[in-house]
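> Quick one, work-v9.txt (compact mmCIF, C-alpha atoms):
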# COMPACT_ATOMS: atom_id res chain seq x y z
CA MET L 1111 110.69 84.40 43.39
CA ILE L 1112 109.11 83.86 39.95
CA GLU L 1113 111.30 81.45 37.99
CA GLY L 1114 111.89 79.80 34.62
CA VAL L 1115 109.31 80.26 31.87
CA TRP L 1116 107.06 82.32 34.16
CA LEU L 1117 109.86 84.82 34.69
CA TRP L 1118 110.24 85.26 30.91
CA ILE L 1119 106.47 85.64 30.56
CA ALA L 1120 106.67 88.38 33.21
CA PHE L 1121 109.40 90.11 31.13
CA LEU L 1122 107.27 89.89 27.98
CA LEU L 1123 104.28 91.37 29.83
CA LEU L 1124 106.45 94.20 31.14
CA GLY L 1125 107.90 94.75 27.67
CA ALA L 1126 104.34 94.95 26.36
CA THR L 1127 103.59 97.72 28.87
CA THR L 1128 106.61 99.63 27.53
CA LEU L 1129 105.48 99.29 23.92
CA ILE L 1130 101.77 99.93 24.61
CA THR L 1131 102.34 103.13 26.58
CA ARG L 1132 105.26 104.61 24.62
CA GLY L 1133 103.94 103.46 21.27
CA SER L 1134 100.35 104.52 21.90
CA PHE L 1135 100.02 107.85 20.10
CA ILE L 1136 103.19 107.53 18.03
CA VAL L 1137 101.84 104.31 16.45
CA ILE L 1138 98.19 105.38 16.16
CA GLY L 1139 99.19 108.70 14.64
CA GLU L 1140 97.44 111.96 15.32
CA ARG L 1141 93.91 110.60 15.23
CA GLY L 1142 93.42 110.12 18.96
CA SER L 1143 94.00 112.20 22.02
CA LEU L 1144 93.30 111.67 25.73
CA PRO L 1145 90.48 113.57 27.40
CA PRO L 1146 92.03 116.50 29.34
CA VAL L 1147 90.58 115.40 32.71
CA LEU L 1148 92.22 111.98 32.35
CA GLN L 1149 95.51 113.60 31.31
CA ARG L 1150 95.46 115.78 34.41
CA ALA L 1151 94.71 112.83 36.68
CA LEU L 1152 97.41 110.71 35.05
CA ARG L 1153 100.08 113.24 35.95
CA TYR L 1154 99.85 111.89 39.51
CA ALA L 1155 100.28 108.24 38.50
CA PRO L 1156 104.11 108.05 38.52
CA ALA L 1157 104.55 109.80 41.88
CA ALA L 1158 101.81 107.71 43.52
CA ALA L 1159 103.16 104.48 42.04
CA LEU L 1160 106.83 105.10 42.87
CA SER L 1161 105.98 106.13 46.40
CA ALA L 1162 103.75 103.07 46.87
CA LEU L 1163 106.79 100.94 46.02
CA VAL L 1164 109.29 102.87 48.15
CA VAL L 1165 107.47 103.61 51.41
CA PRO L 1166 106.72 99.99 52.41
CA ASP L 1167 110.40 99.15 51.97
CA LEU L 1168 111.31 102.02 54.31
CA LEU L 1169 108.68 101.49 57.02
CA LEU L 1170 108.20 97.72 57.18
CA VAL L 1171 110.59 95.19 58.67
CA GLN L 1172 109.59 91.59 57.85
CA GLY L 1173 106.04 92.82 57.11
CA ASP L 1174 105.59 94.71 60.40
CA LEU L 1175 105.38 98.46 60.79
CA GLN L 1176 108.67 99.46 62.42
CA PRO L 1177 109.49 103.06 61.59
CA PHE L 1178 112.81 103.30 63.41
CA ASN L 1179 115.00 101.13 61.22
CA PRO L 1180 118.21 101.60 59.22
CA LYS L 1181 116.40 101.69 55.86
CA LEU L 1182 114.20 104.62 56.87
CA PHE L 1183 117.27 106.49 58.10
CA ALA L 1184 119.08 105.80 54.81
CA GLY L 1185 115.93 106.76 52.88
CA LEU L 1186 115.73 110.14 54.61
CA VAL L 1187 119.40 110.73 53.80
CA VAL L 1188 118.71 109.91 50.13
CA ILE L 1189 115.72 112.28 49.98
CA ALA L 1190 117.76 115.09 51.55
CA ILE L 1191 120.55 114.58 49.00
CA ALA L 1192 118.17 114.34 46.05
CA LEU L 1193 116.49 117.61 47.11
CA ARG L 1194 119.83 119.39 47.37
CA TRP L 1195 122.05 118.02 44.58
CA ARG L 1196 121.66 116.81 41.00
CA ASN L 1197 124.72 114.56 41.05
CA PRO L 1198 123.56 111.10 39.88
CA TRP L 1199 126.07 109.13 41.98
CA LEU L 1200 125.74 110.82 45.40
CA PRO L 1201 122.37 109.34 46.48
CA PHE L 1202 123.66 105.82 45.86
CA ILE L 1203 127.02 106.32 47.58
CA LEU L 1204 125.74 108.20 50.63
CA GLY L 1205 122.46 106.25 50.84
CA MET L 1206 124.25 102.90 50.96
CA GLY L 1207 126.81 104.43 53.36
CA ALA L 1208 123.99 105.58 55.65
CA LEU L 1209 122.37 102.13 55.54
CA TRP L 1210 125.60 100.36 56.44
CA ALA L 1211 126.47 102.91 59.16
CA ALA L 1212 122.99 102.63 60.72
CA ARG L 1213 123.22 98.82 60.67
CA PHE L 1214 126.67 98.94 62.22
CA PHE L 1215 125.58 101.20 65.08
CA ALA L 1216 122.00 100.02 65.60
CA GLY L 1217 122.31 96.34 64.76
CA PRO L 1218 120.76 94.58 61.74
CA ALA L 1219 117.09 95.03 60.94
CA MET J 1212 122.49 108.85 3.85
CA ASN J 1213 119.91 111.59 3.50
CA PRO J 1214 121.74 114.86 4.39
CA ALA J 1215 118.76 116.15 6.39
CA PHE J 1216 118.68 112.91 8.42
CA ARG J 1217 122.42 113.26 9.05
CA ALA J 1218 122.16 116.91 10.10
CA GLY J 1219 119.26 116.04 12.42
CA ALA J 1220 121.24 113.16 13.92
CA GLU J 1221 124.22 115.42 14.63
CA ALA J 1222 122.09 118.12 16.22
CA GLY J 1223 120.25 115.51 18.32
CA LEU J 1224 123.47 113.92 19.55
CA ARG J 1225 124.90 117.31 20.50
CA ALA J 1226 121.84 117.96 22.67
CA PHE J 1227 121.65 114.46 24.11
CA ILE J 1228 125.21 113.34 24.87
CA PRO J 1229 125.96 115.64 27.86
CA LEU J 1230 122.84 114.48 29.70
CA SER J 1231 123.35 110.83 28.86
CA VAL J 1232 126.20 110.56 31.38
CA GLY J 1233 123.46 110.63 34.04
CA PHE J 1234 122.15 107.25 32.83
CA ILE J 1235 125.33 105.43 33.72
CA PRO J 1236 124.79 104.93 37.47
CA TRP J 1237 121.14 104.04 36.87
CA ALA J 1238 122.08 101.43 34.33
CA ILE J 1239 124.73 99.89 36.57
CA VAL J 1240 122.36 99.90 39.55
CA THR J 1241 119.60 98.36 37.43
CA GLY J 1242 122.00 95.56 36.51
CA ILE J 1243 123.05 95.00 40.12
CA ALA J 1244 119.46 95.17 41.46
CA MET J 1245 118.27 92.46 39.06
CA ARG J 1246 121.08 90.13 40.12
CA ALA J 1247 120.49 90.97 43.81
CA ILE J 1248 116.97 89.48 43.81
CA GLY J 1249 118.35 86.24 42.38
CA MET J 1250 118.09 86.46 38.58
CA ASP J 1251 121.02 85.07 36.60
CA ALA J 1252 123.00 87.11 34.05
CA LEU J 1253 120.99 85.87 31.06
CA GLU J 1254 117.64 86.58 32.73
CA SER J 1255 118.81 90.03 33.80
CA MET J 1256 119.93 91.00 30.29
CA GLY J 1257 116.76 89.47 28.86
CA MET J 1258 114.69 91.65 31.17
CA SER J 1259 116.71 94.73 30.30
CA LEU J 1260 116.40 94.17 26.54
CA LEU J 1261 112.70 93.30 26.60
CA VAL J 1262 111.49 95.86 29.11
CA PHE J 1263 113.88 98.81 28.58
CA ALA J 1264 112.13 100.91 31.22
CA ALA J 1265 114.07 101.44 34.44
CA THR J 1266 111.10 102.53 36.55
CA ALA J 1267 108.94 99.59 35.53
CA GLN J 1268 111.92 97.25 36.00
CA PHE J 1269 112.66 98.49 39.51
CA GLY J 1270 108.99 98.48 40.37
CA ALA J 1271 108.56 94.91 39.17
CA LEU J 1272 111.60 93.53 41.01
CA PRO J 1273 110.01 93.33 44.48
CA LEU J 1274 106.93 91.74 42.88
CA ILE J 1275 109.04 89.19 41.00
CA ALA J 1276 111.08 88.48 44.14
CA SER J 1277 107.96 87.83 46.22
CA GLY J 1278 106.25 85.70 43.55
CA ALA J 1279 103.36 88.11 42.88
CA PRO J 1280 100.73 87.11 40.26
CA LEU J 1281 101.54 88.00 36.63
CA TRP J 1282 98.50 90.24 36.19
CA LEU J 1283 99.73 92.41 39.05
CA ILE J 1284 103.17 92.69 37.44
CA PHE J 1285 101.50 93.75 34.19
CA VAL J 1286 99.25 96.29 35.93
CA THR J 1287 102.17 97.71 37.92
CA GLY J 1288 104.22 98.02 34.72
CA MET J 1289 101.31 99.78 33.00
CA VAL J 1290 100.91 102.22 35.88
CA LEU J 1291 104.63 102.96 36.11
CA ASN J 1292 104.80 103.49 32.34
CA LEU J 1293 101.57 105.48 32.08
CA ARG J 1294 103.36 108.82 31.85
CA PHE J 1295 104.68 107.70 28.45
CA VAL J 1296 101.15 107.86 27.02
CA ILE J 1297 101.31 111.60 27.59
CA PHE J 1298 104.85 111.85 26.15
CA SER J 1299 103.82 109.71 23.20
CA ALA J 1300 100.95 112.06 22.42
CA ALA J 1301 103.39 114.98 22.53
CA ILE J 1302 106.01 113.36 20.24
CA ALA J 1303 103.55 111.74 17.78
CA PRO J 1304 103.14 114.73 15.41
CA ALA J 1305 106.94 114.81 14.81
CA LEU J 1306 107.01 111.17 13.64
CA HIS J 1307 103.67 110.82 11.86
CA GLU J 1308 105.17 110.76 8.31
CA GLN J 1309 107.26 107.68 9.14
CA SER J 1310 106.27 104.07 8.32
CA LEU J 1311 104.53 101.88 10.90
CA ALA J 1312 107.72 99.87 11.53
CA ARG J 1313 109.67 103.05 12.21
CA ARG J 1314 106.96 104.38 14.51
CA LEU J 1315 107.01 101.10 16.47
CA VAL J 1316 110.79 101.40 16.91
CA GLY J 1317 110.49 105.09 17.74
CA GLY J 1318 107.78 104.34 20.29
CA PHE J 1319 109.78 101.62 22.04
CA LEU J 1320 112.79 103.96 22.32
CA LEU J 1321 110.82 106.85 23.87
CA THR J 1322 112.47 107.48 27.24
CA ASP J 1323 111.99 110.26 29.79
CA ALA J 1324 115.34 111.73 28.71
CA ALA J 1325 114.54 111.55 24.98
CA PHE J 1326 111.22 113.27 25.62
CA ALA J 1327 112.72 115.97 27.84
CA VAL J 1328 115.80 116.73 25.73
CA LEU J 1329 114.60 116.12 22.17
CA GLY J 1330 110.93 117.12 22.44
CA PRO J 1331 111.45 120.90 22.14
CA GLY J 1332 113.78 120.61 19.10
CA LEU J 1333 111.37 118.26 17.32
CA ALA J 1334 108.43 120.59 17.68
CA GLY J 1335 110.03 123.41 15.66
CA ALA J 1336 111.52 121.35 12.79
CA ARG J 1337 109.90 121.23 9.32
CA ASP J 1338 111.79 118.42 7.54
CA PRO J 1339 110.49 114.91 8.42
CA ALA J 1340 113.90 113.31 7.65
CA TRP J 1341 115.70 115.80 9.92
CA ARG J 1342 113.18 115.08 12.70
CA TRP J 1343 113.59 111.33 12.29
CA GLY J 1344 117.40 111.65 12.53
CA TYR J 1345 117.16 114.07 15.45
CA TYR J 1346 114.94 111.62 17.36
CA LEU J 1347 116.19 108.19 16.28
CA VAL J 1348 119.98 108.48 16.45
CA PRO J 1349 120.26 109.92 20.00
CA SER J 1350 117.58 107.46 21.17
CA LEU J 1351 119.53 104.53 19.71
CA TYR J 1352 122.73 105.85 21.27
CA GLY J 1353 120.90 106.12 24.62
CA TRP J 1354 119.65 102.54 24.22
CA LEU J 1355 123.18 101.24 23.52
CA LEU J 1356 124.70 103.17 26.42
CA TRP J 1357 121.95 101.93 28.73
CA GLN J 1358 122.25 98.26 27.77
CA GLY J 1359 126.06 98.43 27.90
CA PHE J 1360 126.14 99.73 31.46
CA VAL J 1361 123.35 97.38 32.57
CA LEU J 1362 125.68 94.61 31.40
CA VAL J 1363 128.50 96.13 33.49
CA GLY J 1364 126.20 96.05 36.54
CA VAL J 1365 124.99 92.52 35.79
CA LEU J 1366 128.53 91.16 35.45
CA GLY J 1367 129.91 93.27 38.32
CA ALA J 1368 127.13 92.30 40.74
CA GLY J 1369 128.81 88.97 41.49
CA PHE J 1370 131.76 90.75 43.07
CA PHE J 1371 129.61 92.32 45.78
CA PRO J 1372 128.72 90.22 48.86
CA ARG J 1373 125.00 89.61 49.44
CA ASP J 1374 124.87 90.97 52.98
CA TRP J 1375 125.67 94.44 51.64
CA SER J 1376 121.94 94.73 50.78
CA LEU J 1377 122.72 96.11 47.31
CA GLU J 1378 119.07 95.61 46.34
CA PHE J 1379 118.45 98.72 48.44
CA MET J 1380 120.03 100.61 45.55
CA GLY J 1381 116.81 99.86 43.65
CA THR J 1382 114.82 101.65 46.37
CA ILE J 1383 117.32 104.53 46.27
CA ALA J 1384 116.85 104.80 42.50
CA LEU J 1385 113.04 104.95 42.92
CA MET J 1386 113.43 107.68 45.55
CA VAL J 1387 115.72 109.71 43.30
CA MET J 1388 113.07 109.48 40.57
CA VAL J 1389 110.16 110.45 42.83
CA VAL J 1390 111.80 113.40 44.64
CA PRO J 1391 111.96 115.75 41.61
CA MET J 1392 108.34 114.88 40.77
CA VAL J 1393 107.14 116.13 44.14
CA ARG J 1394 107.44 119.84 43.39
CA SER J 1395 103.84 120.84 44.08
CA GLN J 1396 101.47 120.27 46.97
CA PRO J 1397 99.04 117.99 45.05
CA MET J 1398 102.00 115.89 43.88
CA LEU J 1399 103.15 115.54 47.50
CA VAL J 1400 99.62 114.52 48.52
CA ALA J 1401 99.58 111.90 45.73
CA ALA J 1402 102.98 110.51 46.77
CA LEU J 1403 102.21 110.40 50.52
CA THR J 1404 98.79 108.81 49.95
CA GLY J 1405 100.24 106.23 47.57
CA GLY J 1406 103.11 105.42 49.91
CA LEU J 1407 101.22 105.23 53.19
CA GLY J 1408 98.28 103.54 51.45
CA ALA J 1409 100.61 100.75 50.34
CA VAL J 1410 101.80 100.31 53.93
CA PHE J 1411 98.35 100.21 55.51
CA LEU J 1412 96.67 98.15 52.77
CA ARG J 1413 99.49 95.60 52.56
CA ASP J 1414 97.36 92.76 53.94
CA LEU J 1415 94.75 92.90 51.16
CA PRO J 1416 94.60 89.61 49.21
CA LEU J 1417 96.49 89.12 45.90
CA ARG J 1418 98.63 92.18 46.70
CA LEU J 1419 95.71 94.33 45.65
CA GLY J 1420 96.88 96.79 48.28
CA LEU J 1421 99.58 98.17 45.98
CA PHE J 1422 97.16 98.78 43.12
CA ALA J 1423 94.56 100.28 45.46
CA ALA J 1424 97.22 102.52 47.00
CA ILE J 1425 98.28 103.84 43.57
CA LEU J 1426 94.67 104.60 42.63
CA LEU J 1427 94.12 106.30 46.00
CA GLY J 1428 97.28 108.35 45.44
CA ILE J 1429 96.15 109.49 41.97
CA ALA J 1430 92.68 110.37 43.34
CA ALA J 1431 94.15 112.24 46.32
CA GLY J 1432 96.52 114.26 44.12
CA PHE J 1433 93.72 115.13 41.72
CA ALA J 1434 91.43 116.11 44.61
CA ALA J 1435 94.15 118.25 46.19
CA GLU J 1436 94.66 120.07 42.87
CA HIS J 1437 90.92 120.61 42.57
CA TRP J 1438 90.56 122.02 46.09
CA ARG J 1439 93.54 124.27 45.69
CA ARG J 1440 92.15 125.63 42.45
CA LYS J 1441 88.84 126.34 44.18
CA GLU J 1442 90.63 128.15 47.01
CA THR J 1443 92.54 130.39 44.62
CA ALA J 1444 89.35 131.07 42.67
CA GLU J 1445 87.50 132.34 45.73
Can you turn what I pasted into structure tokens?

Amino acid sequence: MIEGVWLWIAFLLLGATTLITRGSFIVIGERGSLPPVLQRALRYAPAAALSALVVPDLLLVQGDLQPFNPKLFAGLVVIAIALRWRNPWLPFILGMGALWAARFFAGPA
Amino acid sequence: MNPAFRAGAEAGLRAFIPLSVGFIPWAIVTGIAMRAIGMDALESMGMSLLVFAATAQFGALPLIASGAPLWLIFVTGMVLNLRFVIFSAAIAPALHEQSLARRLVGGFLLTDAAFAVLGPGLAGARDPAWRWGYYLVPSLYGWLLWQGFVLVGVLGAGFFPRDWSLEFMGTIALMVMVVPMVRSQPMLVAALTGGLGAVFLRDLPLRLGLFAAILLGIAAGFAAEHWRRKETAE
């Protein structure tokens, strides 16, 4: 884990990304605008980025591809819930429940 | 207080408060997730106050936990926050009469919820003071609510045993954010390419695999949109 001063530098860098992106046009004013092609491409950035963070956690166990594991099972439960209901608590409650149940029945992974 | 500002603030709060209840679990989970990777309470609150962007925070946690290089943390934060450039462009005309200091504050407080809930009301309003109240006061309220419940999560995290794998709640939160985005075929292509790309490119040096996977995902989504458009045109 990143620790001490380096951790705070990481926070400052992340805070800068918040201010740069959110502030961009609000701070510059109305002078600039993004080219439409770039705007269209950028619409895919959040989905690609979020998925790139999630999928490895669901498919890898200690760095090895191991698709049948409790996290993938819990992940599929979460996706099914999120597709069906808007309740903000349910995915957390049932997702963690599915993870613990799968660990209990299948052994830790 | 300027009466237009006050009227704007009241209208903004009326629109914003019902939805804001949805932040509460996210904020608590964000607090717990930061503690779960080993940050102390002060570091966790510091991160929350400085970053104030749940997606970027969750995205950065696995990188911080595994000791990734700082440039990669910055790039990941930029990518996860990129959508705000588009929101910022949409909100900018409503705030352009305000001073630079106010626009900096307004920019920092621009969340997905503020954009989604307040954006439409801002677009139709004439009075700059009304618009500033309509945008600023609900955004500040959202900020306070968020930080308050992050603190609840940060302080409550100690009561949960480590072997409960509560850090998985961070992954759940990311999934809950990505599922509603994947409403079209190109978006699904982008998400699947990004996700599987990150798995198969994981052995690239300097964790470049993650960045490459995100770029591949964006390119794949854009290409899928292009091909689909061609198909419908024929």
> Can you measure atom CA of Leu1160 of chain L to atom CA of Ala1434 of chain J for me? One decimal in Å is fine.
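Atom CA of Ala1434 of chain J lies 19.0 Å from atom CA of Leu1160 of chain L.
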> Quick one, how far is atom CA of Ile1189 of chain L from atom CA of Leu1230 of chain J?
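Rounded to one decimal, the two atoms are 21.6 Å apart.
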> Between atom CA of Tyr1352 of chain J and atom CA of Leu1329 of chain J, what distance in Å does the model show, to one decimal?
13.1 Å
> Of the residues J:Ala1327, J:Ala1301, J:Leu1351, J:Leu1333, which is the one nearest to chain L, using all atoms listed in the file?
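Ranking J:Ala1327, J:Ala1301, J:Leu1351, J:Leu1333 by distance to chain L, first place goes to J:Ala1301.
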> Show me which bits of chain J are within 6 Å of chain L, counting all atoms listed in the file, as a ChimeraX atom specification.
/J:1233,1258,1261-1262,1275-1278,1285,1288-1289,1291,1295-1296,1299-1300,1303,1307,1314,1318-1319,1382,1387,1389,1401-1402,1405-1406,1409-1410,1425,1428-1429,1433
> Because the input lacks atoms here, generate N, CA, C and O atoms for segment 1250-1274 of chain J and report them as a short mmCIF file (atom, residue, chain, number, x, y, z; two decimals), in the frame of the given file.

data_model
loop_
_atom_site.label_atom_id
_atom_site.label_comp_id
_atom_site.auth_asym_id
_atom_site.auth_seq_id
_atom_site.Cartn_x
_atom_site.Cartn_y
_atom_site.Cartn_z
N MET J 1250 118.12 86.83 40.00
CA MET J 1250 118.09 86.46 38.58
C MET J 1250 119.51 86.21 38.09
O MET J 1250 120.45 86.86 38.55
N ASP J 1251 119.68 85.29 37.13
CA ASP J 1251 121.02 85.07 36.60
C ASP J 1251 121.32 86.11 35.52
O ASP J 1251 120.47 86.94 35.18
N ALA J 1252 122.56 86.06 34.99
CA ALA J 1252 123.00 87.11 34.05
C ALA J 1252 122.13 87.14 32.79
O ALA J 1252 121.75 88.21 32.31
N LEU J 1253 121.78 85.94 32.28
CA LEU J 1253 120.99 85.87 31.06
C LEU J 1253 119.59 86.45 31.28
O LEU J 1253 119.08 87.24 30.47
N GLU J 1254 118.98 86.07 32.41
CA GLU J 1254 117.64 86.58 32.73
C GLU J 1254 117.67 88.10 32.90
O GLU J 1254 116.78 88.81 32.42
N SER J 1255 118.72 88.59 33.57
CA SER J 1255 118.81 90.03 33.80
C SER J 1255 118.92 90.79 32.49
O SER J 1255 118.24 91.79 32.28
N MET J 1256 119.80 90.32 31.58
CA MET J 1256 119.93 91.00 30.29
C MET J 1256 118.67 90.85 29.46
O MET J 1256 118.26 91.76 28.75
N GLY J 1257 118.03 89.69 29.56
CA GLY J 1257 116.76 89.47 28.86
C GLY J 1257 115.73 90.48 29.31
O GLY J 1257 115.03 91.11 28.49
N MET J 1258 115.65 90.69 30.64
CA MET J 1258 114.69 91.65 31.17
C MET J 1258 115.01 93.05 30.67
O MET J 1258 114.14 93.79 30.22
N SER J 1259 116.30 93.39 30.70
CA SER J 1259 116.71 94.73 30.30
C SER J 1259 116.38 94.99 28.83
O SER J 1259 115.89 96.06 28.48
N LEU J 1260 116.64 94.00 27.97
CA LEU J 1260 116.40 94.17 26.54
C LEU J 1260 114.91 94.21 26.22
O LEU J 1260 114.46 94.98 25.38
N LEU J 1261 114.13 93.37 26.91
CA LEU J 1261 112.70 93.30 26.60
C LEU J 1261 111.92 94.45 27.21
O LEU J 1261 110.98 94.95 26.60
N VAL J 1262 112.30 94.86 28.41
CA VAL J 1262 111.49 95.86 29.11
C VAL J 1262 111.98 97.28 28.81
O VAL J 1262 111.19 98.17 28.53
N PHE J 1263 113.29 97.50 28.88
CA PHE J 1263 113.88 98.81 28.58
C PHE J 1263 113.11 99.96 29.21
O PHE J 1263 112.75 100.93 28.55
N ALA J 1264 112.81 99.83 30.51
CA ALA J 1264 112.13 100.91 31.22
C ALA J 1264 112.53 100.78 32.68
O ALA J 1264 112.02 99.91 33.39
N ALA J 1265 113.47 101.64 33.12
CA ALA J 1265 114.07 101.44 34.44
C ALA J 1265 113.03 101.47 35.55
O ALA J 1265 113.06 100.64 36.45
N THR J 1266 112.08 102.41 35.47
CA THR J 1266 111.10 102.53 36.55
C THR J 1266 110.26 101.26 36.65
O THR J 1266 110.06 100.73 37.74
N ALA J 1267 109.77 100.79 35.52
CA ALA J 1267 108.94 99.59 35.53
C ALA J 1267 109.77 98.39 35.99
O ALA J 1267 109.28 97.52 36.71
N GLN J 1268 111.06 98.36 35.58
CA GLN J 1268 111.92 97.25 36.00
C GLN J 1268 112.11 97.24 37.51
O GLN J 1268 111.92 96.23 38.17
N PHE J 1269 112.48 98.41 38.06
CA PHE J 1269 112.66 98.49 39.51
C PHE J 1269 111.37 98.18 40.24
O PHE J 1269 111.36 97.49 41.25
N GLY J 1270 110.27 98.70 39.72
CA GLY J 1270 108.99 98.48 40.37
C GLY J 1270 108.59 97.02 40.36
O GLY J 1270 107.98 96.53 41.30
N ALA J 1271 108.96 96.32 39.28
CA ALA J 1271 108.56 94.91 39.17
C ALA J 1271 109.45 94.00 40.00
O ALA J 1271 109.03 92.90 40.37
N LEU J 1272 110.68 94.44 40.32
CA LEU J 1272 111.60 93.53 41.01
C LEU J 1272 111.06 93.01 42.34
O LEU J 1272 111.11 91.79 42.56
N PRO J 1273 110.54 93.90 43.23
CA PRO J 1273 110.01 93.33 44.48
C PRO J 1273 108.85 92.37 44.24
O PRO J 1273 108.68 91.41 44.99
N LEU J 1274 108.07 92.63 43.18
CA LEU J 1274 106.93 91.74 42.88
C LEU J 1274 107.44 90.40 42.37
O LEU J 1274 106.92 89.35 42.74
#
